[in-house]
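Engineer: Okay, handing you the structure first.
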Amino acid sequence: MKTFTFSFLNNFLMLLYIAFIKRSIQGCLDTDANGVYSMNSNNLCANELAIQIRTILIVNFVKNLWELG
């Protein structure tokens, strides 16, 4: 149970923070029409969450390829 709890928190705590808490504390990264990033507290951090999940999946994919090689 301790191993599961540690693994869950270690892997998913940042995603939970971005999805539910970050908007009210810091605000979320948002892009304007020119592609410039700025902090905004009106959106739902979906863009930032998608970037984080995409990064995690790419890193895991590369690690799996490295292990297969």
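Letters A, B, ... mark the chains of the structure tokens in the order given; residue numbers begin at 1 per chain; ligand numbers begin at 1, in order shown.
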Each residue of segment 37-64 of chain A with at least one atom at most 8 Å from segment 5-23 of chain A should appear once, together with its nearest atom pair and the corresponding distance in Å (one decimal); atoms considered: only C-alpha atoms; ordering: chain, then increasing residue number; output as JSON lines.

Structural biologist:
{"residue": "A:Ser41", "atom": "CA", "partner": "A:Arg23", "partner_atom": "CA", "distance": 5.7}
{"residue": "A:Asn42", "atom": "CA", "partner": "A:Arg23", "partner_atom": "CA", "distance": 7.9}
{"residue": "A:Asn43", "atom": "CA", "partner": "A:Arg23", "partner_atom": "CA", "distance": 7.7}
{"residue": "A:Leu44", "atom": "CA", "partner": "A:Arg23", "partner_atom": "CA", "distance": 6.7}
{"residue": "A:Cys45", "atom": "CA", "partner": "A:Ala19", "partner_atom": "CA", "distance": 6.5}
{"residue": "A:Ala46", "atom": "CA", "partner": "A:Ala19", "partner_atom": "CA", "distance": 7.4}
{"residue": "A:Glu48", "atom": "CA", "partner": "A:Ile18", "partner_atom": "CA", "distance": 7.6}
{"residue": "A:Leu49", "atom": "CA", "partner": "A:Ile18", "partner_atom": "CA", "distance": 6.3}
{"residue": "A:Gln52", "atom": "CA", "partner": "A:Leu15", "partner_atom": "CA", "distance": 7.6}
{"residue": "A:Ile53", "atom": "CA", "partner": "A:Leu15", "partner_atom": "CA", "distance": 7.8}

Engineer: Next, the residues of the selection above should be written as a short mmCIF file (atom, residue, chain, number, x, y, z; two decimals), in the first residue's frame with C-alpha atoms.

Structural biologist:
data_model
loop_
_atom_site.label_atom_id
_atom_site.label_comp_id
_atom_site.auth_asym_id
_atom_site.auth_seq_id
_atom_site.Cartn_x
_atom_site.Cartn_y
_atom_site.Cartn_z
CA SER A 41 -6.48 33.17 -14.36
CA ASN A 42 -9.57 32.94 -16.58
CA ASN A 43 -8.87 29.72 -18.46
CA LEU A 44 -8.86 26.16 -17.10
CA CYS A 45 -5.17 25.26 -17.63
CA ALA A 46 -6.18 22.68 -20.24
CA GLU A 48 -0.76 23.49 -19.91
CA LEU A 49 -2.12 20.12 -18.76
CA GLN A 52 2.54 18.14 -19.49
CA ILE A 53 0.76 14.89 -20.42
#

Engineer: Going by DSSP on the backbone, which bits of chain A are helix (DSSP H, G or I)? Write them as a ChimeraX atom specification, please.

Structural biologist: /A:2-25,46-68

Engineer: With N, CA and C atoms retained, could you export that selection as a tab-separated table (two decimals), in the first residue's frame?

Structural biologist:
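Below you can see out_3.tsv, which holds the result:
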chain	number	residue	atom	x	y	z
A	2	LYS	N	1.98	1.23	0.77
A	2	LYS	CA	2.87	2.39	0.79
A	2	LYS	C	3.52	2.61	-0.57
A	3	THR	N	3.91	1.54	-1.24
A	3	THR	CA	4.53	1.66	-2.55
A	3	THR	C	3.55	2.22	-3.57
A	4	PHE	N	2.32	1.74	-3.54
A	4	PHE	CA	1.30	2.26	-4.46
A	4	PHE	C	1.05	3.74	-4.21
A	5	THR	N	0.90	4.13	-2.95
A	5	THR	CA	0.64	5.52	-2.61
A	5	THR	C	1.79	6.41	-3.05
A	6	PHE	N	3.01	6.00	-2.79
A	6	PHE	CA	4.18	6.78	-3.21
A	6	PHE	C	4.25	6.91	-4.72
A	7	SER	N	4.05	5.80	-5.43
A	7	SER	CA	4.12	5.83	-6.89
A	7	SER	C	3.02	6.72	-7.47
A	8	PHE	N	1.82	6.62	-6.92
A	8	PHE	CA	0.71	7.44	-7.42
A	8	PHE	C	0.99	8.92	-7.21
A	9	LEU	N	1.41	9.29	-6.01
A	9	LEU	CA	1.69	10.69	-5.74
A	9	LEU	C	2.88	11.20	-6.54
A	10	ASN	N	3.90	10.37	-6.69
A	10	ASN	CA	5.09	10.76	-7.44
A	10	ASN	C	4.77	10.98	-8.91
A	11	ASN	N	3.89	10.16	-9.47
A	11	ASN	CA	3.60	10.24	-10.90
A	11	ASN	C	2.50	11.24	-11.24
A	12	PHE	N	1.52	11.42	-10.36
A	12	PHE	CA	0.34	12.17	-10.76
A	12	PHE	C	0.07	13.43	-9.95
A	13	LEU	N	0.88	13.75	-8.96
A	13	LEU	CA	0.61	14.92	-8.14
A	13	LEU	C	0.71	16.22	-8.95
A	14	MET	N	1.68	16.31	-9.85
A	14	MET	CA	1.82	17.51	-10.66
A	14	MET	C	0.61	17.69	-11.57
A	15	LEU	N	0.10	16.60	-12.14
A	15	LEU	CA	-1.07	16.70	-13.00
A	15	LEU	C	-2.30	17.14	-12.22
A	16	LEU	N	-2.47	16.62	-11.01
A	16	LEU	CA	-3.59	17.04	-10.17
A	16	LEU	C	-3.46	18.50	-9.78
A	17	TYR	N	-2.25	18.95	-9.51
A	17	TYR	CA	-2.02	20.35	-9.17
A	17	TYR	C	-2.37	21.26	-10.34
A	18	ILE	N	-1.92	20.91	-11.54
A	18	ILE	CA	-2.22	21.73	-12.71
A	18	ILE	C	-3.72	21.74	-13.00
A	19	ALA	N	-4.36	20.59	-12.87
A	19	ALA	CA	-5.78	20.48	-13.23
A	19	ALA	C	-6.70	21.19	-12.25
A	20	PHE	N	-6.38	21.18	-10.94
A	20	PHE	CA	-7.36	21.64	-9.97
A	20	PHE	C	-6.92	22.82	-9.11
A	21	ILE	N	-5.63	23.03	-8.90
A	21	ILE	CA	-5.19	24.01	-7.91
A	21	ILE	C	-4.48	25.21	-8.54
A	22	LYS	N	-3.72	25.00	-9.57
A	22	LYS	CA	-2.84	26.04	-10.10
A	22	LYS	C	-3.59	27.29	-10.56
A	23	ARG	N	-4.78	27.11	-11.12
A	23	ARG	CA	-5.54	28.25	-11.63
A	23	ARG	C	-5.84	29.28	-10.54
A	24	SER	N	-6.19	28.81	-9.36
A	24	SER	CA	-6.55	29.75	-8.30
A	24	SER	C	-5.33	30.33	-7.59
A	25	ILE	N	-4.18	29.66	-7.64
A	25	ILE	CA	-2.99	30.14	-6.95
A	25	ILE	C	-2.12	31.00	-7.86
A	46	ALA	N	-6.12	23.87	-19.40
A	46	ALA	CA	-6.18	22.68	-20.24
A	46	ALA	C	-4.99	22.60	-21.18
A	47	ASN	N	-4.55	23.74	-21.71
A	47	ASN	CA	-3.40	23.75	-22.61
A	47	ASN	C	-2.13	23.32	-21.88
A	48	GLU	N	-1.94	23.85	-20.70
A	48	GLU	CA	-0.76	23.49	-19.91
A	48	GLU	C	-0.78	22.02	-19.48
A	49	LEU	N	-1.97	21.53	-19.14
A	49	LEU	CA	-2.12	20.12	-18.76
A	49	LEU	C	-1.84	19.21	-19.96
A	50	ALA	N	-2.30	19.60	-21.13
A	50	ALA	CA	-2.04	18.81	-22.34
A	50	ALA	C	-0.55	18.75	-22.66
A	51	ILE	N	0.15	19.87	-22.49
A	51	ILE	CA	1.59	19.89	-22.73
A	51	ILE	C	2.31	18.96	-21.76
A	52	GLN	N	1.91	18.99	-20.50
A	52	GLN	CA	2.54	18.14	-19.49
A	52	GLN	C	2.30	16.66	-19.77
A	53	ILE	N	1.08	16.30	-20.12
A	53	ILE	CA	0.76	14.89	-20.42
A	53	ILE	C	1.50	14.44	-21.67
A	54	ARG	N	1.56	15.30	-22.68
A	54	ARG	CA	2.30	14.96	-23.90
A	54	ARG	C	3.78	14.72	-23.60
A	55	THR	N	4.36	15.55	-22.75
A	55	THR	CA	5.76	15.39	-22.38
A	55	THR	C	5.99	14.07	-21.66
A	56	ILE	N	5.11	13.72	-20.74
A	56	ILE	CA	5.24	12.46	-20.00
A	56	ILE	C	5.15	11.27	-20.94
A	57	LEU	N	4.21	11.30	-21.87
A	57	LEU	CA	4.06	10.18	-22.81
A	57	LEU	C	5.27	10.04	-23.73
A	58	ILE	N	5.82	11.16	-24.19
A	58	ILE	CA	6.99	11.09	-25.07
A	58	ILE	C	8.20	10.55	-24.31
A	59	VAL	N	8.39	11.00	-23.08
A	59	VAL	CA	9.53	10.51	-22.29
A	59	VAL	C	9.39	9.01	-22.02
A	60	ASN	N	8.18	8.56	-21.68
A	60	ASN	CA	7.97	7.13	-21.45
A	60	ASN	C	8.19	6.32	-22.73
A	61	PHE	N	7.78	6.85	-23.87
A	61	PHE	CA	7.98	6.17	-25.14
A	61	PHE	C	9.47	6.02	-25.45
A	62	VAL	N	10.23	7.09	-25.24
A	62	VAL	CA	11.67	7.04	-25.49
A	62	VAL	C	12.35	6.06	-24.53
A	63	LYS	N	11.93	6.05	-23.28
A	63	LYS	CA	12.51	5.11	-22.32
A	63	LYS	C	12.21	3.66	-22.71
A	64	ASN	N	11.01	3.40	-23.22
A	64	ASN	CA	10.68	2.06	-23.68
A	64	ASN	C	11.49	1.67	-24.90
A	65	LEU	N	11.69	2.59	-25.83
A	65	LEU	CA	12.54	2.29	-26.99
A	65	LEU	C	13.97	2.00	-26.57
A	66	TRP	N	14.46	2.78	-25.60
A	66	TRP	CA	15.82	2.56	-25.11
A	66	TRP	C	15.96	1.18	-24.47
A	67	GLU	N	14.92	0.77	-23.73
A	67	GLU	CA	14.96	-0.54	-23.09
A	67	GLU	C	14.90	-1.66	-24.12
A	68	LEU	N	14.11	-1.49	-25.15
A	68	LEU	CA	14.03	-2.50	-26.20
A	68	LEU	C	15.34	-2.60	-26.98

Engineer: Write out as a list in words all residues of chain A that DSSP puts in strand (DSSP E or B) for this structure's backbone.

Structural biologist: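 Across chain A, those assigned strand (DSSP E or B) are Cys28, Leu29, Asp30, Thr31, Tyr37, Ser38, Met39 and Asn40 of chain A.
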